[in-house]
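Novice: Hey, dropping my_file.pdb in here, PDB, C-alpha atoms and all ligand atoms:
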```pdb
ATOM      1  CA  MET J 178     -16.407  14.708  -4.815
ATOM      2  CA  ALA J 179     -15.840  11.672  -7.000
ATOM      3  CA  SER J 180     -16.127   8.360  -5.179
ATOM      4  CA  LEU J 181     -14.037   5.992  -7.304
ATOM      5  CA  ILE J 182     -10.764   6.895  -8.990
ATOM      6  CA  ALA J 183      -9.433   4.431 -11.573
ATOM      7  CA  CYS J 184      -5.736   4.486 -10.742
ATOM      8  CA  PRO J 185      -3.770   3.491 -13.871
ATOM      9  CA  HIS J 186      -1.595   1.242 -11.684
ATOM     10  CA  CYS J 187      -4.053  -0.153  -9.102
ATOM     11  CA  GLY J 188      -7.474  -0.099 -10.753
ATOM     12  CA  PRO J 189     -10.612   1.529  -9.283
ATOM     13  CA  ARG J 190     -10.145   2.610  -5.664
ATOM     14  CA  PRO J 191     -12.263   4.711  -3.280
ATOM     15  CA  LYS J 192     -11.372   8.373  -2.830
ATOM     16  CA  GLU J 193     -10.399   7.654   0.815
ATOM     17  CA  GLU J 194      -7.177   6.095  -0.504
ATOM     18  CA  PHE J 195      -6.149   9.388  -2.158
ATOM     19  CA  THR J 196      -4.943  12.845  -1.154
ATOM     20  CA  VAL J 197      -5.904  15.765  -3.399
ATOM     21  CA  ARG J 198      -3.237  18.407  -3.975
ATOM     22  CA  GLY J 199      -5.279  20.663  -6.251
ATOM     23  CA  ASP J 200      -4.903  22.359  -9.643
ATOM     24  CA  ALA J 201      -2.470  20.462 -11.888
ATOM     25  CA  GLY J 202      -2.227  23.342 -14.347
ATOM     26  CA  ILE J 203      -0.236  25.900 -12.399
ATOM     27  CA  THR J 204       3.419  26.497 -13.178
ATOM     28  CA  ARG J 205       6.086  27.323 -10.631
ATOM     29  CA  PRO J 206       7.374  30.872 -11.308
ATOM     30  CA  ALA J 207      11.044  31.726 -11.825
ATOM     31  CA  PRO J 208      12.844  32.484  -8.530
ATOM     32  CA  ASP J 209      13.005  36.204  -9.418
ATOM     33  CA  ALA J 210       9.459  36.449 -10.795
ATOM     34  CA  GLY J 211       8.470  38.872  -8.062
ATOM     35  CA  GLU J 212       6.161  38.882  -5.066
ATOM     36  CA  ASP J 213       2.870  39.021  -7.006
ATOM     37  CA  ALA J 214       3.685  35.969  -9.125
ATOM     38  CA  TRP J 215       4.822  34.016  -6.085
ATOM     39  CA  TYR J 216       1.805  35.085  -4.024
ATOM     40  CA  ALA J 217      -0.483  33.898  -6.814
ATOM     41  CA  TYR J 218       1.408  30.614  -7.173
ATOM     42  CA  VAL J 219       1.279  29.814  -3.478
ATOM     43  CA  TYR J 220      -2.146  31.147  -2.460
ATOM     44  CA  LEU J 221      -4.479  32.016  -5.329
ATOM     45  CA  ARG J 222      -6.679  29.316  -6.887
ATOM     46  CA  ASP J 223      -9.712  29.322  -9.120
ATOM     47  CA  ASN J 224     -12.771  27.443  -7.934
ATOM     48  CA  PRO J 225     -13.961  26.112 -11.274
ATOM     49  CA  ARG J 226     -17.393  24.697 -12.007
ATOM     50  CA  GLY J 227     -17.069  21.847 -14.496
ATOM     51  CA  ARG J 228     -13.967  20.148 -15.838
ATOM     52  CA  HIS J 229     -10.877  20.475 -13.677
ATOM     53  CA  ARG J 230      -7.422  18.874 -13.844
ATOM     54  CA  GLU J 231      -5.950  18.118 -10.429
ATOM     55  CA  HIS J 232      -3.029  16.326  -8.841
ATOM     56  CA  TRP J 233      -4.148  13.355  -6.751
ATOM     57  CA  HIS J 234      -1.747  11.231  -4.731
ATOM     58  CA  HIS J 235      -2.573   7.534  -4.321
ATOM     59  CA  THR J 236      -1.406   7.739  -0.714
ATOM     60  CA  SER J 237      -2.777   4.405   0.484
ATOM     61  CA  GLY J 238      -2.050   2.539  -2.743
ATOM     62  CA  CYS J 239       0.847   2.743  -5.184
ATOM     63  CA  ARG J 240       1.924   6.148  -3.775
ATOM     64  CA  ARG J 241       2.159   7.621  -7.299
ATOM     65  CA  TRP J 242       1.114  11.161  -8.176
ATOM     66  CA  LEU J 243      -1.728  11.160 -10.686
ATOM     67  CA  VAL J 244      -3.430  13.793 -12.813
ATOM     68  CA  VAL J 245      -7.190  13.389 -12.516
ATOM     69  CA  GLU J 246      -9.547  15.284 -14.802
ATOM     70  CA  ARG J 247     -12.981  15.451 -13.221
ATOM     71  CA  ASP J 248     -16.155  17.496 -13.305
ATOM     72  CA  THR J 249     -16.542  19.415 -10.050
ATOM     73  CA  MET J 250     -20.315  19.611 -10.565
ATOM     74  CA  THR J 251     -21.320  16.130 -11.834
ATOM     75  CA  HIS J 252     -18.496  14.167 -10.143
ATOM     76  CA  THR J 253     -17.710  12.507 -13.500
ATOM     77  CA  ILE J 254     -14.101  11.356 -13.885
ATOM     78  CA  TYR J 255     -12.838  11.892 -17.442
ATOM     79  CA  THR J 256      -9.210  10.811 -17.321
ATOM     80  CA  VAL J 257      -6.642   9.529 -14.815
ATOM     81  CA  ALA J 258      -2.968   9.369 -15.753
ATOM     82  CA  ASP J 259       0.362   9.043 -13.964
ATOM     83  CA  ALA J 260       1.743  12.536 -13.408
ATOM     84  CA  SER J 261       5.129  11.494 -14.775
ATOM     85  CA  ALA J 262       3.609  10.679 -18.179
ATOM     86  CA  GLU J 263       4.709  13.059 -20.902
ATOM     87  CA  GLY J 264       2.651  16.230 -21.098
ATOM     88  CA  GLU J 265       0.775  15.579 -17.869
ATOM     89  CA  THR J 266       2.556  18.183 -15.753
ATOM     90  CA  ALA J 267       3.372  21.748 -16.714
TER      91      ALA J 267
ATOM     92  CA  MET I  98      27.139   0.971  16.949
ATOM     93  CA  ALA I  99      24.087   1.365  19.145
ATOM     94  CA  ASP I 100      24.583   2.840  22.610
ATOM     95  CA  PHE I 101      22.262   0.263  24.108
ATOM     96  CA  ALA I 102      20.915  -3.091  23.001
ATOM     97  CA  LEU I 103      17.483  -2.985  21.376
ATOM     98  CA  LEU I 104      15.084  -5.671  22.499
ATOM     99  CA  HIS I 105      13.012  -7.295  19.801
ATOM    100  CA  ARG I 106       9.429  -7.724  20.950
ATOM    101  CA  PRO I 107       7.014  -9.304  18.445
ATOM    102  CA  ALA I 108       4.316  -6.733  17.606
ATOM    103  CA  LEU I 109       1.436  -9.152  18.118
ATOM    104  CA  ALA I 110       2.808 -10.975  21.185
ATOM    105  CA  ASP I 111       0.100  -9.547  23.454
ATOM    106  CA  ALA I 112      -2.719  -9.475  20.880
ATOM    107  CA  LYS I 113      -5.973 -11.400  21.282
ATOM    108  CA  SER I 114      -5.472 -15.118  20.865
ATOM    109  CA  GLY I 115      -7.933 -18.005  20.724
ATOM    110  CA  SER I 116     -11.253 -18.834  19.083
ATOM    111  CA  PHE I 117     -13.977 -16.243  18.542
ATOM    112  CA  GLY I 118     -17.387 -15.920  16.931
ATOM    113  CA  ALA I 119     -19.598 -18.513  15.268
ATOM    114  CA  PRO I 120     -18.994 -22.214  15.937
ATOM    115  CA  SER I 121     -19.011 -22.880  12.154
ATOM    116  CA  THR I 122     -16.383 -25.279  10.885
ATOM    117  CA  VAL I 123     -16.947 -25.013   7.138
ATOM    118  CA  LYS I 124     -15.997 -21.410   6.415
ATOM    119  CA  ARG I 125     -13.870 -20.850   9.515
ATOM    120  CA  ILE I 126     -11.125 -18.228   9.329
ATOM    121  CA  THR I 127      -7.607 -18.684  10.665
ATOM    122  CA  LEU I 128      -5.448 -15.694  11.594
ATOM    123  CA  ALA I 129      -1.726 -16.099  12.224
ATOM    124  CA  ALA I 130       0.989 -13.716  13.357
ATOM    125  CA  LEU I 131       3.781 -14.620  10.915
ATOM    126  CA  PRO I 132       7.507 -14.647  11.757
ATOM    127  CA  GLU I 133       9.101 -11.200  11.936
ATOM    128  CA  GLY I 134      11.976 -12.247   9.696
ATOM    129  CA  HIS I 135      13.000  -9.712   7.096
ATOM    130  CA  VAL I 136      11.056  -7.013   5.273
ATOM    131  CA  LEU I 137      13.009  -5.246   2.543
ATOM    132  CA  HIS I 138      11.638  -2.219   0.712
ATOM    133  CA  VAL I 139      13.000  -2.106  -2.832
ATOM    134  CA  LEU I 140      12.739   1.020  -4.992
ATOM    135  CA  ALA I 141      13.804   1.128  -8.635
ATOM    136  CA  ALA I 142      16.131   3.834  -9.866
ATOM    137  CA  ARG I 143      14.703   6.256 -12.411
ATOM    138  CA  GLY I 144      14.660   4.822 -15.935
ATOM    139  CA  SER I 145      15.891   1.385 -14.860
ATOM    140  CA  GLY I 146      13.364  -0.452 -17.025
ATOM    141  CA  ASP I 147      11.529  -3.656 -16.202
ATOM    142  CA  LEU I 148      12.970  -5.274 -13.077
ATOM    143  CA  GLN I 149      10.260  -7.904 -12.499
ATOM    144  CA  GLY I 150      12.715 -10.691 -13.264
ATOM    145  CA  LEU I 151      15.524  -9.240 -11.155
ATOM    146  CA  ILE I 152      13.812  -8.419  -7.848
ATOM    147  CA  PRO I 153      12.897 -12.011  -6.859
ATOM    148  CA  ARG I 154      16.646 -12.806  -6.918
ATOM    149  CA  ILE I 155      17.173 -10.848  -3.687
ATOM    150  CA  GLY I 156      14.431 -12.922  -2.019
ATOM    151  CA  ASP I 157      14.892 -16.188  -0.143
ATOM    152  CA  GLY I 158      13.647 -18.282  -3.052
ATOM    153  CA  THR I 159      10.246 -19.037  -1.535
ATOM    154  CA  PRO I 160       7.147 -18.331  -3.656
ATOM    155  CA  HIS I 161       5.698 -14.802  -3.346
ATOM    156  CA  ALA I 162       8.781 -13.416  -1.545
ATOM    157  CA  ALA I 163       8.882 -10.395  -3.889
ATOM    158  CA  ARG I 164       5.666  -8.409  -3.777
ATOM    159  CA  PRO I 165       5.172  -5.598  -6.297
ATOM    160  CA  TYR I 166       2.690  -2.864  -5.371
ATOM    161  CA  GLY I 167       3.323  -0.039  -7.817
ATOM    162  CA  PRO I 168       5.676   1.063 -10.577
ATOM    163  CA  GLY I 169       9.243   0.305  -9.438
ATOM    164  CA  GLN I 170       8.209  -0.571  -5.863
ATOM    165  CA  TRP I 171       8.407  -3.920  -4.059
ATOM    166  CA  PHE I 172       8.462  -5.455  -0.638
ATOM    167  CA  VAL I 173      10.648  -8.547  -0.360
ATOM    168  CA  ILE I 174       9.802 -10.624   2.679
ATOM    169  CA  GLY I 175      10.970 -13.816   4.347
ATOM    170  CA  ASP I 176      10.857 -15.738   7.614
ATOM    171  CA  ALA I 177      14.590 -15.534   8.380
ATOM    172  CA  PRO I 178      15.988 -12.476  10.193
ATOM    173  CA  LEU I 179      18.833 -10.860   8.220
ATOM    174  CA  SER I 180      21.739  -8.814   9.588
ATOM    175  CA  SER I 181      22.485  -5.479   7.939
ATOM    176  CA  ALA I 182      25.597  -7.090   6.436
ATOM    177  CA  GLU I 183      23.446  -9.793   4.844
ATOM    178  CA  ILE I 184      21.053  -7.175   3.481
ATOM    179  CA  PHE I 185      23.898  -5.005   2.169
ATOM    180  CA  GLY I 186      25.337  -8.148   0.561
ATOM    181  CA  LYS I 187      22.311  -8.300  -1.737
ATOM    182  CA  THR I 188      22.872  -4.892  -3.336
ATOM    183  CA  PRO I 189      25.330  -6.100  -6.050
ATOM    184  CA  ILE I 190      22.529  -8.305  -7.457
ATOM    185  CA  LEU I 191      20.572  -5.145  -8.228
ATOM    186  CA  ASP I 192      23.520  -3.597 -10.089
ATOM    187  CA  GLY I 193      22.486  -0.036  -9.233
ATOM    188  CA  LYS I 194      19.065  -0.494 -10.832
ATOM    189  CA  ALA I 195      17.259  -0.412  -7.475
ATOM    190  CA  SER I 196      17.987   0.240  -3.820
ATOM    191  CA  ILE I 197      17.083  -1.710  -0.699
ATOM    192  CA  SER I 198      15.895  -0.300   2.604
ATOM    193  CA  ASP I 199      15.444  -2.545   5.646
ATOM    194  CA  GLN I 200      11.890  -2.215   6.961
ATOM    195  CA  GLY I 201      12.084  -5.225   9.274
ATOM    196  CA  HIS I 202      11.630  -2.938  12.274
ATOM    197  CA  GLY I 203       8.633  -1.201  10.738
ATOM    198  CA  ARG I 204       6.262  -3.735   9.212
ATOM    199  CA  VAL I 205       4.926  -7.132  10.230
ATOM    200  CA  ARG I 206       2.951  -9.856   8.465
ATOM    201  CA  ILE I 207      -0.424 -11.354   9.299
ATOM    202  CA  GLY I 208      -1.662 -14.505   7.569
ATOM    203  CA  ILE I 209      -5.381 -15.005   7.008
ATOM    204  CA  ASN I 210      -7.030 -18.010   5.394
ATOM    205  CA  GLY I 211     -10.264 -19.914   5.158
ATOM    206  CA  ALA I 212     -13.070 -20.537   2.671
ATOM    207  CA  ALA I 213     -14.661 -17.139   3.471
ATOM    208  CA  VAL I 214     -11.422 -15.144   3.323
ATOM    209  CA  GLU I 215     -12.479 -13.029   0.309
ATOM    210  CA  THR I 216     -15.758 -12.090   1.995
ATOM    211  CA  VAL I 217     -13.961 -11.114   5.199
ATOM    212  CA  LEU I 218     -11.338  -8.950   3.486
ATOM    213  CA  ALA I 219     -13.935  -7.374   1.195
ATOM    214  CA  LYS I 220     -15.453  -5.763   4.297
ATOM    215  CA  GLY I 221     -12.296  -3.663   4.556
ATOM    216  CA  THR I 222     -11.083  -2.980   1.022
ATOM    217  CA  ALA I 223     -12.573  -1.987  -2.327
ATOM    218  CA  VAL I 224     -10.064  -4.145  -4.217
ATOM    219  CA  ASP I 225     -11.748  -6.879  -6.286
ATOM    220  CA  LEU I 226     -10.478 -10.041  -4.589
ATOM    221  CA  ALA I 227     -12.016 -12.572  -6.996
ATOM    222  CA  LEU I 228      -9.435 -15.187  -7.959
ATOM    223  CA  SER I 229      -9.824 -14.198 -11.628
ATOM    224  CA  ASN I 230      -8.866 -10.586 -10.835
ATOM    225  CA  PHE I 231      -6.530 -11.199  -7.892
ATOM    226  CA  PRO I 232      -4.663 -14.446  -8.685
ATOM    227  CA  VAL I 233      -2.215 -16.259  -6.402
ATOM    228  CA  GLY I 234       1.001 -14.221  -6.262
ATOM    229  CA  HIS I 235      -0.760 -10.882  -6.849
ATOM    230  CA  SER I 236      -0.286  -8.005  -4.377
ATOM    231  CA  ALA I 237      -2.038  -4.688  -3.812
ATOM    232  CA  MET I 238      -1.409  -1.845  -1.403
ATOM    233  CA  THR I 239      -4.779  -0.703  -0.081
ATOM    234  CA  LEU I 240      -6.741   0.483   2.926
ATOM    235  CA  ILE I 241      -8.304  -2.157   5.180
ATOM    236  CA  GLY I 242     -10.800   0.121   6.867
ATOM    237  CA  HIS I 243      -8.574   3.033   7.908
ATOM    238  CA  ILE I 244      -5.335   1.034   8.002
ATOM    239  CA  SER I 245      -2.948   0.880   5.059
ATOM    240  CA  ALA I 246      -1.672  -2.623   4.291
ATOM    241  CA  LEU I 247      -0.066  -4.607   1.508
ATOM    242  CA  LEU I 248      -2.424  -7.422   0.611
ATOM    243  CA  SER I 249      -0.935 -10.497  -1.107
ATOM    244  CA  ARG I 250      -2.642 -13.664  -2.242
ATOM    245  CA  THR I 251      -0.591 -16.727  -1.272
ATOM    246  CA  GLY I 252      -3.202 -19.373  -2.122
ATOM    247  CA  LYS I 253      -6.763 -19.842  -3.357
ATOM    248  CA  GLU I 254      -8.089 -19.244   0.165
ATOM    249  CA  SER I 255      -5.123 -17.557   1.822
ATOM    250  CA  PHE I 256      -3.764 -14.024   1.961
ATOM    251  CA  GLU I 257      -1.044 -12.167   3.806
ATOM    252  CA  LEU I 258      -1.202  -8.604   5.076
ATOM    253  CA  LEU I 259       1.943  -6.532   5.552
ATOM    254  CA  VAL I 260       1.141  -3.724   7.954
ATOM    255  CA  LEU I 261       2.961  -0.999   9.861
ATOM    256  CA  ARG I 262       4.035  -2.449  13.179
ATOM    257  CA  GLY I 263       2.184   0.106  15.303
ATOM    258  CA  PHE I 264      -1.086  -0.644  13.470
ATOM    259  CA  ALA I 265      -0.701  -4.427  13.572
ATOM    260  CA  GLU I 266      -2.718  -5.032  16.724
ATOM    261  CA  SER I 267      -5.558  -2.720  15.605
ATOM    262  CA  LEU I 268      -5.718  -4.520  12.267
ATOM    263  CA  TRP I 269      -5.589  -7.872  14.076
ATOM    264  CA  ASP I 270      -8.562  -6.898  16.250
ATOM    265  CA  GLU I 271     -10.476  -5.661  13.194
ATOM    266  CA  LEU I 272      -9.786  -8.882  11.268
ATOM    267  CA  ILE I 273     -11.168 -10.887  14.194
ATOM    268  CA  GLN I 274     -14.243  -8.638  14.224
ATOM    269  CA  MET I 275     -14.680  -9.003  10.452
ATOM    270  CA  SER I 276     -14.439 -12.824  10.742
ATOM    271  CA  LEU I 277     -16.887 -13.364  13.631
ATOM    272  CA  GLU I 278     -19.800 -14.477  11.447
ATOM    273  CA  PHE I 279     -17.702 -17.400  10.161
ATOM    274  CA  GLY I 280     -15.850 -18.132  13.387
ATOM    275  CA  VAL I 281     -12.137 -17.389  13.708
ATOM    276  CA  ASP I 282      -9.076 -18.992  15.302
ATOM    277  CA  ALA I 283      -6.401 -16.389  16.025
ATOM    278  CA  HIS I 284      -2.848 -17.616  16.614
ATOM    279  CA  THR I 285      -0.324 -15.089  17.898
ATOM    280  CA  GLY I 286       2.339 -17.772  18.208
ATOM    281  CA  LYS I 287       2.554 -17.454  21.975
TER     282      LYS I 287
HETATM  283 ZN    ZN J 301      -2.430   3.510  -7.429
END
```
Here is the file; what I need is its structure written in the form of structure tokens.
Specialist:
Amino acid sequence: MASLIACPHCGPRPKEEFTVRGDAGITRPAPDAGEDAWYAYVYLRDNPRGRHREHWHHTSGCRRWLVVERDTMTHTIYTVADASAEGETA
Amino acid sequence: MADFALLHRPALADAKSGSFGAPSTVKRITLAALPEGHVLHVLAARGSGDLQGLIPRIGDGTPHAARPYGPGQWFVIGDAPLSSAEIFGKTPILDGKASISDQGHGRVRIGINGAAVETVLAKGTAVDLALSNFPVGHSAMTLIGHISALLSRTGKESFELLVLRGFAESLWDELIQMSLEFGVDAHTGK
């Protein structure tokens, strides 16, 4: 797990200030997409080794949702952006 | 109309008070329970643009009354208690660009100052408190240990912490603990 996240609004903060929601790349299915699509959306996640884009919430800071791209193996943080920025959220 | 009268009891009325720790006089820390006047939470409406100039106008005119801590989010604080009518009376100033929620019941302020104040607070937060990075008037929401608080610099050697009321006494005790090596005078105002 990465130790310091450079929040675009608050600067570098320890991971304890954040809550991780998980994969930022999944898209909410249409209401009538069927049980399999909804089951996958709610429950099924990959467990990637390497680069991964995730939603992180700066819970104890600015309370903004962020998209953090990090390496699950090396703990390197590549990018941190506000989730409301264009193109950040599917 | 409330069915029964609510009693206002200051959150830190029964907290530890007095002098603690080292007998040092040079870097001594002072803690103060600040008046529970008003605490207004101000949230910008979507797409309302830059409101940095507007928000201080709902404050009481004292320096550092409006404290930004994230995009479109402020706390506006002051020593005077405000009725809900007085708070509602401020909304036209914002012209629909932001909304106000009274948090006077929910958060209280603690003042901390002294030559070693940066060293003391740095024991609890990862925020860089150097004057060059955290100038007078700057605010940051952060964790002090496990307790979330809005940290604001009000002077070269003075800060204020805005903390949830129920956590105020725990934070107070921790700040005393963090200050022991320099000596600390804690004033609850009793
Ligand atoms: Zn932040």
Novice: Mind giving me the straight-line distance from atom CA of I:Ile273 to atom CA of I:Pro178 in Å, one decimal?
Specialist: 27.5 Å
Novice: Given the point (-2.1, 14.4, -9.4) in the file's coordinates, find the residues that have an atom at most 9 Å from it, counting all atoms listed in the file, and give them as a list in words.
Specialist: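 Output of the proximity query reads Thr196, Val197, Arg198, Gly199, Asp200, Ala201, Arg230, Glu231, His232, Trp233, His234, His235, Arg241, Trp242, Leu243, Val244, Val245, Val257, Ala258, Asp259, Ala260 and Thr266 of chain J.
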Novice: Rounded to one decimal place, report the atom CA of I:His235-atom CA of I:Gly134 distance in Å.
Specialist: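 We find that atom CA of I:His235 and atom CA of I:Gly134 lie 20.9 Å from each other.
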Novice: How would you write, as a list in words, the residues chosen by the PyMOL selection byres ((chain J and not hetatm) within 12 of (chain I)) on this structure?
Specialist: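 Selected by the PyMOL selection byres ((chain J and not hetatm) within 12 of (chain I)) here: Ser180, Leu181, Ile182, Ala183, Cys184, Pro185, His186, Cys187, Gly188, Pro189, Arg190, Pro191, Lys192, Glu193, Glu194, Phe195, His235, Thr236, Ser237, Gly238, Cys239, Arg240, Arg241, Trp242, Asp259 and Ser261 of chain J.
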Novice: Kindly resolve the PyMOL selection byres (((chain I and resi 135-141) around 9) and not hetatm) on the present coordinates and return the residues as JSON, numbers by chain.
Specialist: {"I": [132, 133, 134, 142, 143, 144, 145, 146, 148, 152, 168, 169, 170, 171, 172, 173, 174, 175, 176, 177, 178, 179, 184, 193, 194, 195, 196, 197, 198, 199, 200, 201, 202, 203, 204, 205]}
Novice: To one decimal place in Å, what is the distance between atom CA of I:Arg206 and atom CA of I:Ala162?
Specialist: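 Distance between the two atoms: 12.1 Å.
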Novice: Show me, as a PyMOL selection string, the residues that have an atom within 12 Å of I:Ala108 when counting all atoms listed in the file, minus same-chain residues fewer than 4 positions from it.
Specialist: chain I and resi 104+112-113+130-133+201-207+260-269+285-287
Novice: Please produce a file of the residues just selected, as a PDB file, in the coordinates of the input, where the atoms kept are C-alpha atoms.
Specialist:
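Listed below is the output, part_23.pdb:
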```
ATOM      1  CA  LEU I 104      15.084  -5.671  22.499  1.00  0.00           C
ATOM      2  CA  ALA I 112      -2.719  -9.475  20.880  1.00  0.00           C
ATOM      3  CA  LYS I 113      -5.973 -11.400  21.282  1.00  0.00           C
ATOM      4  CA  ALA I 130       0.989 -13.716  13.357  1.00  0.00           C
ATOM      5  CA  LEU I 131       3.781 -14.620  10.915  1.00  0.00           C
ATOM      6  CA  PRO I 132       7.507 -14.647  11.757  1.00  0.00           C
ATOM      7  CA  GLU I 133       9.101 -11.200  11.936  1.00  0.00           C
ATOM      8  CA  GLY I 201      12.084  -5.225   9.274  1.00  0.00           C
ATOM      9  CA  HIS I 202      11.630  -2.938  12.274  1.00  0.00           C
ATOM     10  CA  GLY I 203       8.633  -1.201  10.738  1.00  0.00           C
ATOM     11  CA  ARG I 204       6.262  -3.735   9.212  1.00  0.00           C
ATOM     12  CA  VAL I 205       4.926  -7.132  10.230  1.00  0.00           C
ATOM     13  CA  ARG I 206       2.951  -9.856   8.465  1.00  0.00           C
ATOM     14  CA  ILE I 207      -0.424 -11.354   9.299  1.00  0.00           C
ATOM     15  CA  VAL I 260       1.141  -3.724   7.954  1.00  0.00           C
ATOM     16  CA  LEU I 261       2.961  -0.999   9.861  1.00  0.00           C
ATOM     17  CA  ARG I 262       4.035  -2.449  13.179  1.00  0.00           C
ATOM     18  CA  GLY I 263       2.184   0.106  15.303  1.00  0.00           C
ATOM     19  CA  PHE I 264      -1.086  -0.644  13.470  1.00  0.00           C
ATOM     20  CA  ALA I 265      -0.701  -4.427  13.572  1.00  0.00           C
ATOM     21  CA  GLU I 266      -2.718  -5.032  16.724  1.00  0.00           C
ATOM     22  CA  SER I 267      -5.558  -2.720  15.605  1.00  0.00           C
ATOM     23  CA  LEU I 268      -5.718  -4.520  12.267  1.00  0.00           C
ATOM     24  CA  TRP I 269      -5.589  -7.872  14.076  1.00  0.00           C
ATOM     25  CA  THR I 285      -0.324 -15.089  17.898  1.00  0.00           C
ATOM     26  CA  GLY I 286       2.339 -17.772  18.208  1.00  0.00           C
ATOM     27  CA  LYS I 287       2.554 -17.454  21.975  1.00  0.00           C
TER      28      LYS I 287
END
```
Novice: For J:Arg205, please output as a list in words all residues within 10 Å (counting all atoms listed in the file; exclusion window: fewer than 3 positions along the same chain).
Specialist: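 Listed by chain and then number, they are Gly202, Pro208, Ala210, Ala214, Trp215, Tyr218, Val219 and Ala267 of chain J.
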Novice: Would you write out, as a PDB file with C-alpha atoms, in the frame of the given file, every residue that the PyMOL selection byres (((chain I and resi 255) around 12) and not hetatm) captures in this file?
Specialist:
```
ATOM      1  CA  ILE I 126     -11.125 -18.228   9.329  1.00  0.00           C
ATOM      2  CA  THR I 127      -7.607 -18.684  10.665  1.00  0.00           C
ATOM      3  CA  LEU I 128      -5.448 -15.694  11.594  1.00  0.00           C
ATOM      4  CA  ALA I 129      -1.726 -16.099  12.224  1.00  0.00           C
ATOM      5  CA  ILE I 207      -0.424 -11.354   9.299  1.00  0.00           C
ATOM      6  CA  GLY I 208      -1.662 -14.505   7.569  1.00  0.00           C
ATOM      7  CA  ILE I 209      -5.381 -15.005   7.008  1.00  0.00           C
ATOM      8  CA  ASN I 210      -7.030 -18.010   5.394  1.00  0.00           C
ATOM      9  CA  GLY I 211     -10.264 -19.914   5.158  1.00  0.00           C
ATOM     10  CA  ALA I 212     -13.070 -20.537   2.671  1.00  0.00           C
ATOM     11  CA  ALA I 213     -14.661 -17.139   3.471  1.00  0.00           C
ATOM     12  CA  VAL I 214     -11.422 -15.144   3.323  1.00  0.00           C
ATOM     13  CA  GLU I 215     -12.479 -13.029   0.309  1.00  0.00           C
ATOM     14  CA  THR I 216     -15.758 -12.090   1.995  1.00  0.00           C
ATOM     15  CA  VAL I 217     -13.961 -11.114   5.199  1.00  0.00           C
ATOM     16  CA  LEU I 218     -11.338  -8.950   3.486  1.00  0.00           C
ATOM     17  CA  LEU I 226     -10.478 -10.041  -4.589  1.00  0.00           C
ATOM     18  CA  LEU I 228      -9.435 -15.187  -7.959  1.00  0.00           C
ATOM     19  CA  PHE I 231      -6.530 -11.199  -7.892  1.00  0.00           C
ATOM     20  CA  PRO I 232      -4.663 -14.446  -8.685  1.00  0.00           C
ATOM     21  CA  VAL I 233      -2.215 -16.259  -6.402  1.00  0.00           C
ATOM     22  CA  GLY I 234       1.001 -14.221  -6.262  1.00  0.00           C
ATOM     23  CA  HIS I 235      -0.760 -10.882  -6.849  1.00  0.00           C
ATOM     24  CA  LEU I 248      -2.424  -7.422   0.611  1.00  0.00           C
ATOM     25  CA  SER I 249      -0.935 -10.497  -1.107  1.00  0.00           C
ATOM     26  CA  ARG I 250      -2.642 -13.664  -2.242  1.00  0.00           C
ATOM     27  CA  THR I 251      -0.591 -16.727  -1.272  1.00  0.00           C
ATOM     28  CA  GLY I 252      -3.202 -19.373  -2.122  1.00  0.00           C
ATOM     29  CA  LYS I 253      -6.763 -19.842  -3.357  1.00  0.00           C
ATOM     30  CA  GLU I 254      -8.089 -19.244   0.165  1.00  0.00           C
ATOM     31  CA  PHE I 256      -3.764 -14.024   1.961  1.00  0.00           C
ATOM     32  CA  GLU I 257      -1.044 -12.167   3.806  1.00  0.00           C
ATOM     33  CA  LEU I 258      -1.202  -8.604   5.076  1.00  0.00           C
TER      34      LEU I 258
END
```
Novice: Would you place a box with edges along x, y and z of the file around all atoms of stretch 188-197 of chain I listed there, add 5 Å to each of its six sides, and report the centre and edge lengths in Å to one decimal, as lines of an AutoDock Vina configuration file?
Specialist:
```
center_x = 21.2
center_y = -4.0
center_z = -5.8
size_x = 18.2
size_y = 18.5
size_z = 20.1
```
